[in-house]
>>> print(open('final39.txt').read())   # compact mmCIF, C-alpha atoms
# COMPACT_ATOMS: atom_id res chain seq x y z
CA MET A 7 3.65 -6.13 8.93
CA PRO A 8 6.37 -6.53 11.41
CA ARG A 9 8.65 -9.51 11.12
CA SER A 10 10.06 -11.25 14.15
CA PRO A 11 13.79 -10.89 14.87
CA ALA A 12 14.21 -14.62 14.34
CA ALA A 13 12.76 -14.51 10.84
CA PRO A 14 14.99 -13.02 8.09
CA VAL A 15 12.07 -13.03 5.63
CA ARG A 16 9.22 -10.54 5.87
CA ALA A 17 5.76 -11.92 6.50
CA GLY A 18 4.72 -10.72 3.05
CA GLY A 19 7.38 -12.88 1.41
CA ALA A 20 9.89 -10.23 0.29
CA ARG A 21 13.62 -10.63 0.88
CA ASP A 22 15.59 -8.86 3.56
CA ARG A 23 17.13 -5.78 1.95
CA SER A 24 20.01 -3.32 2.36
CA LEU A 25 19.91 0.45 1.99
CA ALA A 26 20.08 0.66 -1.81
CA GLN A 27 20.33 3.94 -3.71
CA LEU A 28 18.29 5.28 -6.61
CA PRO A 29 20.12 5.73 -9.93
CA GLU A 30 21.78 9.14 -10.15
CA GLY A 31 19.50 11.78 -11.63
CA VAL A 32 16.26 9.76 -11.28
CA PRO A 33 13.53 11.77 -9.53
CA LEU A 34 12.57 9.96 -6.34
CA VAL A 35 8.81 10.29 -6.60
CA THR A 36 8.68 9.04 -10.20
CA ALA A 37 11.37 6.35 -9.97
CA LEU A 38 8.93 3.46 -9.62
CA LEU A 39 6.36 4.97 -11.94
CA ASP A 40 8.70 4.56 -14.90
CA LEU A 41 9.83 0.97 -14.35
CA ASP A 42 7.23 -0.61 -16.61
CA ARG A 43 4.67 0.45 -19.20
CA PRO A 44 1.29 1.39 -17.67
CA LEU A 45 -1.53 -1.09 -18.23
CA SER A 46 -3.96 1.55 -19.48
CA PRO A 47 -5.01 5.16 -18.95
CA ALA A 48 -7.42 5.85 -16.10
CA GLY A 49 -10.76 7.61 -16.13
CA SER A 50 -11.28 10.93 -14.37
CA LEU A 51 -13.92 12.95 -12.55
CA PRO A 52 -15.44 15.73 -14.69
CA GLU A 53 -13.75 19.05 -13.99
CA GLY A 54 -15.72 21.43 -11.82
CA SER A 55 -17.88 18.67 -10.37
CA ALA A 56 -19.00 19.84 -6.92
CA VAL A 57 -20.98 16.69 -6.03
CA ILE A 58 -19.53 13.23 -6.40
CA PRO A 59 -22.04 11.14 -8.38
CA PRO A 60 -22.85 7.50 -7.58
CA PRO A 61 -20.08 5.06 -8.53
CA GLN A 62 -19.95 4.42 -12.26
CA LEU A 63 -18.99 0.77 -11.75
CA PRO A 64 -21.02 -0.53 -8.77
CA HIS A 65 -20.32 -4.17 -9.67
CA VAL A 66 -16.57 -3.50 -9.53
CA GLN A 67 -17.06 -1.61 -6.27
CA ARG A 68 -18.83 -4.61 -4.74
CA GLU A 69 -16.13 -7.04 -5.87
CA LEU A 70 -13.27 -4.94 -4.52
CA ILE A 71 -14.97 -4.37 -1.17
CA ALA A 72 -15.89 -8.05 -0.83
CA ARG A 73 -12.31 -9.16 -1.48
CA ALA A 74 -10.72 -6.61 0.86
CA THR A 75 -13.29 -7.32 3.57
CA ALA A 76 -12.67 -11.06 3.36
CA ALA A 77 -8.89 -10.56 3.57
CA GLY A 78 -9.02 -7.89 6.28
CA PRO A 79 -9.01 -10.14 9.38
CA ARG A 80 -6.06 -12.11 7.97
CA TRP A 81 -4.12 -8.93 7.18
CA GLN A 82 -4.65 -7.71 10.73
CA SER A 83 -3.61 -11.06 12.21
CA LEU A 84 -0.52 -10.99 10.02
CA ALA A 85 0.31 -7.50 11.32
CA ARG A 86 0.19 -8.89 14.84
CA MET A 87 2.28 -11.99 13.96
CA GLN A 88 -0.65 -14.25 14.84
CA LEU A 89 -0.59 -16.55 11.79
CA SER A 90 1.14 -19.88 11.28
CA GLU A 91 3.48 -20.44 8.34
CA GLN A 92 0.75 -22.49 6.66
CA GLU A 93 -1.78 -19.70 7.10
CA ILE A 94 0.71 -17.15 5.76
CA GLY A 95 1.32 -19.32 2.70
CA MET A 96 -2.39 -19.80 2.02
CA GLY A 97 -2.88 -16.06 2.43
CA ARG A 98 -0.27 -15.34 -0.22
CA HIS A 99 -2.29 -17.39 -2.70
CA THR A 100 -5.38 -15.34 -1.89
CA ASP A 101 -3.48 -12.06 -2.20
CA HIS A 102 -2.11 -13.21 -5.56
CA ALA A 103 -5.62 -14.00 -6.78
CA ASN A 104 -6.84 -10.61 -5.58
CA ALA A 105 -3.93 -8.95 -7.40
CA GLY A 106 -5.01 -10.70 -10.59
CA VAL A 107 -8.50 -9.28 -10.23
CA LEU A 108 -7.11 -5.78 -9.66
CA ARG A 109 -4.82 -6.20 -12.68
CA ARG A 110 -7.88 -6.95 -14.83
CA ILE A 111 -9.78 -3.98 -13.44
CA ILE A 112 -6.88 -1.59 -14.07
CA GLY A 113 -6.44 -2.99 -17.56
CA GLU A 114 -10.12 -2.41 -18.38
CA HIS A 115 -10.85 0.82 -16.53
CA GLY A 116 -7.64 2.37 -15.22
CA TRP A 117 -7.18 2.94 -11.49
CA PRO A 118 -10.53 2.33 -9.72
CA GLY A 119 -10.75 5.75 -8.12
CA VAL A 120 -13.65 7.43 -6.36
CA PRO A 121 -15.69 8.27 -9.50
CA LEU A 122 -15.61 4.63 -10.62
CA VAL A 123 -16.04 2.69 -7.36
CA GLY A 124 -16.69 5.19 -4.57
CA GLU A 125 -14.42 6.02 -1.65
CA ASP A 126 -14.81 2.61 -0.03
CA GLY A 127 -14.15 0.76 -3.28
CA ALA A 128 -11.08 2.89 -3.98
CA THR A 129 -9.71 2.16 -0.51
CA ALA A 130 -10.33 -1.56 -1.04
CA ALA A 131 -8.40 -1.42 -4.34
CA TRP A 132 -5.49 0.29 -2.59
CA GLN A 133 -5.46 -2.31 0.19
CA ILE A 134 -5.36 -5.12 -2.38
CA ALA A 135 -2.50 -3.42 -4.24
CA LEU A 136 -0.60 -2.86 -0.99
CA HIS A 137 -0.72 -6.60 -0.28
CA ALA A 138 0.16 -7.69 -3.83
CA ASP A 139 3.76 -8.60 -2.99
CA THR A 140 3.59 -11.78 -5.10
CA ASP A 141 2.90 -9.71 -8.26
CA THR A 142 5.28 -6.77 -8.15
CA PHE A 143 4.68 -5.86 -11.80
CA MET A 144 0.99 -5.36 -11.05
CA GLN A 145 1.85 -3.57 -7.82
CA ARG A 146 4.03 -1.05 -9.69
CA ALA A 147 1.41 -0.65 -12.41
CA ALA A 148 -1.17 0.02 -9.72
CA ALA A 149 1.11 2.63 -8.13
CA ARG A 150 1.53 4.40 -11.47
CA ALA A 151 -2.18 4.36 -12.20
CA MET A 152 -2.99 5.51 -8.67
CA HIS A 153 -0.42 8.31 -8.88
CA ALA A 154 -2.09 9.58 -12.06
CA ALA A 155 -5.45 9.46 -10.25
CA THR A 156 -4.05 11.53 -7.36
CA GLN A 157 -3.13 14.24 -9.89
CA ARG A 158 -6.80 14.37 -10.92
CA GLY A 159 -8.02 14.34 -7.34
CA THR A 160 -9.69 10.93 -7.64
CA ALA A 161 -7.35 8.99 -5.31
CA SER A 162 -5.73 9.62 -1.92
CA ILE A 163 -2.15 10.90 -2.02
CA ARG A 164 -1.65 9.59 1.53
CA GLN A 165 -2.66 6.09 0.47
CA TRP A 166 -0.51 6.32 -2.66
CA ALA A 167 2.54 7.20 -0.52
CA HIS A 168 2.20 3.87 1.30
CA LEU A 169 1.91 1.97 -1.97
CA HIS A 170 4.87 3.81 -3.48
CA ASP A 171 7.03 2.93 -0.47
CA ARG A 172 5.90 -0.68 -0.74
CA CYS A 173 6.95 -0.82 -4.39
CA LEU A 174 10.34 0.72 -3.60
CA LEU A 175 11.08 -1.85 -0.91
CA ASN A 176 9.99 -4.71 -3.18
CA ALA A 177 12.45 -3.36 -5.77
CA ASP A 178 15.24 -3.43 -3.14
CA LEU A 179 15.29 0.37 -2.90
CA PRO A 180 14.90 2.52 0.23
CA GLN A 181 11.44 3.87 0.83
CA LEU A 182 10.69 7.55 0.36
CA PHE A 183 7.96 8.41 2.88
CA GLY A 184 8.87 6.12 5.79
CA THR A 185 5.56 4.27 5.95
CA GLN A 186 6.90 0.70 6.17
CA TYR A 187 8.12 -0.99 9.34
CA LEU A 188 9.41 -4.42 10.33
CA ARG A 189 9.70 -6.17 13.68
CA GLY A 190 13.32 -6.27 14.81
CA ALA A 191 15.16 -7.31 17.95
CA ASP A 192 14.08 -4.12 19.74
CA GLY A 193 10.52 -3.99 18.43
CA LEU A 194 9.24 -2.09 15.41
CA GLU A 195 11.97 -0.69 13.18
CA LEU A 196 11.69 1.62 10.19
CA GLU A 197 12.57 -0.06 6.90
CA PRO A 198 15.49 1.62 5.03
CA VAL A 199 14.59 5.16 3.96
CA THR A 200 16.13 7.70 1.59
CA ASP A 201 17.64 10.81 3.27
CA PRO A 202 16.23 10.33 6.80
CA ASP A 203 17.01 13.95 7.75
CA THR A 204 14.31 15.24 5.38
CA LEU A 205 11.81 12.44 5.95
CA ASP A 206 9.27 14.47 7.94
CA ALA A 207 9.31 17.20 5.28
CA ARG A 208 8.49 14.66 2.58
CA ARG A 209 5.77 13.12 4.74
CA ALA A 210 4.21 16.54 5.26
CA GLU A 211 4.08 17.08 1.50
CA VAL A 212 1.70 14.10 1.15
CA GLY A 213 -0.30 14.82 4.30
CA LEU A 214 1.36 12.27 6.59
CA PRO A 215 2.18 13.07 10.24
CA PRO A 216 5.77 13.20 11.54
CA VAL A 217 7.33 9.76 11.64
CA ALA A 218 7.64 9.77 15.45
CA ASP A 219 3.91 10.44 15.81
CA ALA A 220 3.08 7.75 13.24
CA LEU A 221 5.23 5.18 15.04
CA ARG A 222 3.55 5.98 18.36
CA ASP A 223 0.12 5.56 16.73
CA LEU A 224 1.22 2.32 15.11
CA ARG A 225 2.40 0.83 18.40
CA LEU A 226 -0.86 1.79 20.10
CA ARG A 227 -2.92 0.37 17.26
CA LEU A 228 -1.11 -2.96 17.26
CA ALA A 229 -1.60 -3.22 21.02
CA ALA A 230 -5.35 -2.51 20.67
CA ALA A 231 -8.15 -4.62 19.27
CA PRO A 232 -8.11 -5.06 15.48
CA ARG A 233 -9.81 -2.41 13.35
CA THR A 234 -13.43 -3.21 12.49
CA SER A 235 -14.67 -3.27 8.92
CA ASP A 236 -16.67 -0.04 9.30
CA GLN A 237 -13.65 2.04 10.38
CA LYS A 238 -12.29 4.12 7.50
CA ASN A 239 -8.61 4.12 6.60
CA ASP A 240 -7.27 7.09 4.64
CA GLY A 241 -3.65 6.05 4.67
CA ALA A 242 -2.52 7.75 7.86
CA SER A 243 -1.77 4.31 9.29
CA THR A 244 -2.22 1.01 7.49
CA ALA A 245 -1.69 -2.70 8.03
CA SER A 246 0.33 -4.56 5.42
CA PRO A 247 2.80 -7.48 5.25
CA THR A 248 5.36 -4.97 6.43
CA GLU A 249 3.63 -2.83 9.02
CA SER A 250 3.09 0.73 7.81
CA ALA A 251 2.37 4.07 9.43
>>> encode(input="final39.txt", output="structure tokens")
Amino acid sequence: MPRSPAAPVRAGGARDRSLAQLPEGVPLVTALLDLDRPLSPAGSLPEGSAVIPPPQLPHVQRELIARATAAGPRWQSLARMQLSEQEIGMGRHTDHANAGVLRRIIGEHGWPGVPLVGEDGATAAWQIALHADTDTFMQRAAARAMHAATQRGTASIRQWAHLHDRCLLNADLPQLFGTQYLRGADGLELEPVTDPDTLDARRAEVGLPPVADALRDLRLRLAAAPRTSDQKNDGASTASPTESA
């Protein structure tokens, strides 16, 4: 979510950061995936499956959706800078608890992708991971597990791009896909990004619109009424402690 120009700390609790560089020779897309050992391998959808079966873990699906739904109004208020410091602090405790639940789920089942928890459950898991700034180890583990799921076609590459950028910023590295914004003196500003001249090309590779279009959409969305719980979010534009688009 955006931060106000008077506040040097992001609403999600991360430090202000400079334009750091990745170690020489480290592939950008896999840099964060190799920071820590994965929690566990993930399950996959049977090859050649034309029809997605019912979720294999409906109880996990229900828990993820319930937690993301309960946190949703607070996340949207945080994106609009409508929370007090006390409310922000209490929200961090909730996000940390949600991260712990997701850590357990990943440890037991791998990334909760569409075969395990359905499309809505998988989106809820991603939203929880995106807001897990108080547990960056889990956040990186979630990004690795989700990246593996995207290779199998069981998770959204657009959503993963947002989570990958979030992990990079929380590791004091520039983001790769330009999804994360903050609120500066002149309004929304793009967080530091690697090689800005090729940003739109990288965004296109993961199905994201040009950054100028995404920023326009983000400004319109923040000026409009908050998203309702029945509106899907595929990662084209998301709300998080640093606003993302």
>>> axis_aligned_box(input="final39.txt", around="region 144-149 of chain A", padding_each_side="8 Å", output="lines of an AutoDock Vina configuration file")
center_x = 1.4
center_y = -1.4
center_z = -10.1
size_x = 21.2
size_y = 24.0
size_z = 20.6
>>> residues_around(input="final39.txt", residues="Asp101 (chain A)", least_positions_apart="5", cutoff="8 Å", atoms="only C-alpha atoms", output="PyMOL selection string")
chain A and resi 134+137-138+140
>>> residues_near_point(input="final39.txt", point="(-6.8, 10.5, -5.0)", cutoff="10 Å", atoms="all atoms listed in the file", output="list in words")
Trp117, Gly119, Val120, Glu125, Ala128, Thr129, Met152, His153, Ala154, Ala155, Thr156, Gln157, Arg158, Gly159, Thr160, Ala161, Ser162, Ile163, Arg164, Gln165 and Trp166 of chain A
>>> atom_distance(input="final39.txt", atom1="CA of Asp141 (chain A)", atom2="CA of His102 (chain A)")
6.7 Å
>>> atom_distance(input="final39.txt", atom1="CA of Cys173 (chain A)", atom2="CA of Gly78 (chain A)")
20.5 Å
>>> residues_around(input="final39.txt", residues="Val123 (chain A)", least_positions_apart="6", cutoff="10 Å", atoms="all atoms listed in the file", output="ChimeraX atom specification")
/A:60-71,117,129-131
>>> closest_residue(input="final39.txt", among="A:Arg209, A:Arg189, A:Arg150, A:Arg98", to="Gly116 (chain A)", atoms="all atoms listed in the file")
A:Arg150
>>> closest_residue(input="final39.txt", among="A:Leu108, A:Leu188, A:Ala229, A:Leu179", to="Ala147 (chain A)", atoms="all atoms listed in the file")
A:Leu108
>>> atom_distance(input="final39.txt", atom1="CA of Asn176 (chain A)", atom2="CA of Arg225 (chain A)")
23.5 Å
>>> closest_residue(input="final39.txt", among="A:Ala149, A:Ser83, A:Gln186, A:His168", to="Val212 (chain A)", atoms="only C-alpha atoms")
A:His168
>>> closest_residue(input="final39.txt", among="A:Ala77, A:Trp132, A:Asp201, A:Arg109", to="Ile94 (chain A)", atoms="all atoms listed in the file")
A:Ala77
>>> residues_around(input="final39.txt", residues="Thr204 (chain A)", least_positions_apart="6", cutoff="12 Å", atoms="only C-alpha atoms", output="JSON, numbers by chain")
{"A": [182, 183, 184, 210, 211, 216, 217]}
>>> closest_residue(input="final39.txt", among="A:Arg86, A:Glu114, A:Leu205, A:Pro180", to="Leu226 (chain A)", atoms="all atoms listed in the file")
A:Arg86
>>> closest_residue(input="final39.txt", among="A:Ala85, A:Met144, A:Ile112, A:Ala191", to="Arg227 (chain A)", atoms="all atoms listed in the file")
A:Ala85
>>> decode(input="final39.txt", residues="region 80-100 of chain A", atoms="N, CA, C and O atoms", output="PDB file, in the first residue's frame")
ATOM      1  N   ARG A  80      -9.606  -4.767   5.945  1.00  0.00           N
ATOM      2  CA  ARG A  80      -8.459  -4.072   6.546  1.00  0.00           C
ATOM      3  C   ARG A  80      -7.377  -3.820   5.511  1.00  0.00           C
ATOM      4  O   ARG A  80      -6.782  -2.732   5.472  1.00  0.00           O
ATOM      5  N   TRP A  81      -7.098  -4.799   4.651  1.00  0.00           N
ATOM      6  CA  TRP A  81      -6.094  -4.600   3.612  1.00  0.00           C
ATOM      7  C   TRP A  81      -6.480  -3.441   2.705  1.00  0.00           C
ATOM      8  O   TRP A  81      -5.639  -2.635   2.321  1.00  0.00           O
ATOM      9  N   GLN A  82      -7.770  -3.353   2.363  1.00  0.00           N
ATOM     10  CA  GLN A  82      -8.199  -2.279   1.478  1.00  0.00           C
ATOM     11  C   GLN A  82      -8.147  -0.926   2.182  1.00  0.00           C
ATOM     12  O   GLN A  82      -7.792   0.087   1.563  1.00  0.00           O
ATOM     13  N   SER A  83      -8.476  -0.897   3.466  1.00  0.00           N
ATOM     14  CA  SER A  83      -8.357   0.357   4.215  1.00  0.00           C
ATOM     15  C   SER A  83      -6.898   0.773   4.345  1.00  0.00           C
ATOM     16  O   SER A  83      -6.569   1.957   4.276  1.00  0.00           O
ATOM     17  N   LEU A  84      -6.019  -0.203   4.514  1.00  0.00           N
ATOM     18  CA  LEU A  84      -4.595   0.106   4.589  1.00  0.00           C
ATOM     19  C   LEU A  84      -4.094   0.677   3.270  1.00  0.00           C
ATOM     20  O   LEU A  84      -3.289   1.603   3.250  1.00  0.00           O
ATOM     21  N   ALA A  85      -4.588   0.142   2.144  1.00  0.00           N
ATOM     22  CA  ALA A  85      -4.194   0.656   0.833  1.00  0.00           C
ATOM     23  C   ALA A  85      -4.599   2.108   0.660  1.00  0.00           C
ATOM     24  O   ALA A  85      -3.941   2.872  -0.045  1.00  0.00           O
ATOM     25  N   ARG A  86      -5.678   2.489   1.308  1.00  0.00           N
ATOM     26  CA  ARG A  86      -6.187   3.856   1.188  1.00  0.00           C
ATOM     27  C   ARG A  86      -5.734   4.747   2.348  1.00  0.00           C
ATOM     28  O   ARG A  86      -6.238   5.846   2.502  1.00  0.00           O
ATOM     29  N   MET A  87      -4.787   4.253   3.170  1.00  0.00           N
ATOM     30  CA  MET A  87      -4.241   5.013   4.295  1.00  0.00           C
ATOM     31  C   MET A  87      -5.344   5.453   5.239  1.00  0.00           C
ATOM     32  O   MET A  87      -5.380   6.592   5.715  1.00  0.00           O
ATOM     33  N   GLN A  88      -6.263   4.542   5.542  1.00  0.00           N
ATOM     34  CA  GLN A  88      -7.414   4.867   6.376  1.00  0.00           C
ATOM     35  C   GLN A  88      -7.351   4.209   7.746  1.00  0.00           C
ATOM     36  O   GLN A  88      -8.357   4.170   8.462  1.00  0.00           O
ATOM     37  N   LEU A  89      -6.194   3.684   8.145  1.00  0.00           N
ATOM     38  CA  LEU A  89      -6.064   3.013   9.432  1.00  0.00           C
ATOM     39  C   LEU A  89      -5.175   3.820  10.372  1.00  0.00           C
ATOM     40  O   LEU A  89      -4.228   4.479   9.940  1.00  0.00           O
ATOM     41  N   SER A  90      -5.487   3.732  11.655  1.00  0.00           N
ATOM     42  CA  SER A  90      -4.635   4.358  12.669  1.00  0.00           C
ATOM     43  C   SER A  90      -3.404   3.484  12.895  1.00  0.00           C
ATOM     44  O   SER A  90      -3.352   2.316  12.483  1.00  0.00           O
ATOM     45  N   GLU A  91      -2.407   4.046  13.576  1.00  0.00           N
ATOM     46  CA  GLU A  91      -1.210   3.271  13.899  1.00  0.00           C
ATOM     47  C   GLU A  91      -1.559   2.053  14.739  1.00  0.00           C
ATOM     48  O   GLU A  91      -0.970   0.975  14.570  1.00  0.00           O
ATOM     49  N   GLN A  92      -2.505   2.195  15.661  1.00  0.00           N
ATOM     50  CA  GLN A  92      -2.922   1.064  16.485  1.00  0.00           C
ATOM     51  C   GLN A  92      -3.560  -0.023  15.636  1.00  0.00           C
ATOM     52  O   GLN A  92      -3.280  -1.217  15.817  1.00  0.00           O
ATOM     53  N   GLU A  93      -4.416   0.377  14.698  1.00  0.00           N
ATOM     54  CA  GLU A  93      -5.058  -0.599  13.824  1.00  0.00           C
ATOM     55  C   GLU A  93      -4.037  -1.287  12.923  1.00  0.00           C
ATOM     56  O   GLU A  93      -4.140  -2.493  12.663  1.00  0.00           O
ATOM     57  N   ILE A  94      -3.046  -0.533  12.447  1.00  0.00           N
ATOM     58  CA  ILE A  94      -1.997  -1.128  11.621  1.00  0.00           C
ATOM     59  C   ILE A  94      -1.221  -2.162  12.424  1.00  0.00           C
ATOM     60  O   ILE A  94      -0.928  -3.267  11.947  1.00  0.00           O
ATOM     61  N   GLY A  95      -0.884  -1.816  13.671  1.00  0.00           N
ATOM     62  CA  GLY A  95      -0.155  -2.750  14.517  1.00  0.00           C
ATOM     63  C   GLY A  95      -0.942  -4.009  14.804  1.00  0.00           C
ATOM     64  O   GLY A  95      -0.395  -5.126  14.752  1.00  0.00           O
ATOM     65  N   MET A  96      -2.220  -3.871  15.111  1.00  0.00           N
ATOM     66  CA  MET A  96      -3.061  -5.047  15.366  1.00  0.00           C
ATOM     67  C   MET A  96      -3.174  -5.897  14.107  1.00  0.00           C
ATOM     68  O   MET A  96      -3.179  -7.131  14.164  1.00  0.00           O
ATOM     69  N   GLY A  97      -3.237  -5.229  12.949  1.00  0.00           N
ATOM     70  CA  GLY A  97      -3.337  -5.964  11.697  1.00  0.00           C
ATOM     71  C   GLY A  97      -2.093  -6.778  11.420  1.00  0.00           C
ATOM     72  O   GLY A  97      -2.176  -7.885  10.864  1.00  0.00           O
ATOM     73  N   ARG A  98      -0.929  -6.262  11.802  1.00  0.00           N
ATOM     74  CA  ARG A  98       0.306  -7.017  11.596  1.00  0.00           C
ATOM     75  C   ARG A  98       0.279  -8.329  12.380  1.00  0.00           C
ATOM     76  O   ARG A  98       0.764  -9.358  11.906  1.00  0.00           O
ATOM     77  N   HIS A  99      -0.289  -8.291  13.587  1.00  0.00           N
ATOM     78  CA  HIS A  99      -0.398  -9.524  14.374  1.00  0.00           C
ATOM     79  C   HIS A  99      -1.279 -10.539  13.653  1.00  0.00           C
ATOM     80  O   HIS A  99      -0.969 -11.736  13.621  1.00  0.00           O
ATOM     81  N   THR A 100      -2.378 -10.065  13.087  1.00  0.00           N
ATOM     82  CA  THR A 100      -3.270 -10.963  12.348  1.00  0.00           C
ATOM     83  C   THR A 100      -2.583 -11.525  11.118  1.00  0.00           C
ATOM     84  O   THR A 100      -2.678 -12.730  10.831  1.00  0.00           O
TER      85      THR A 100
END
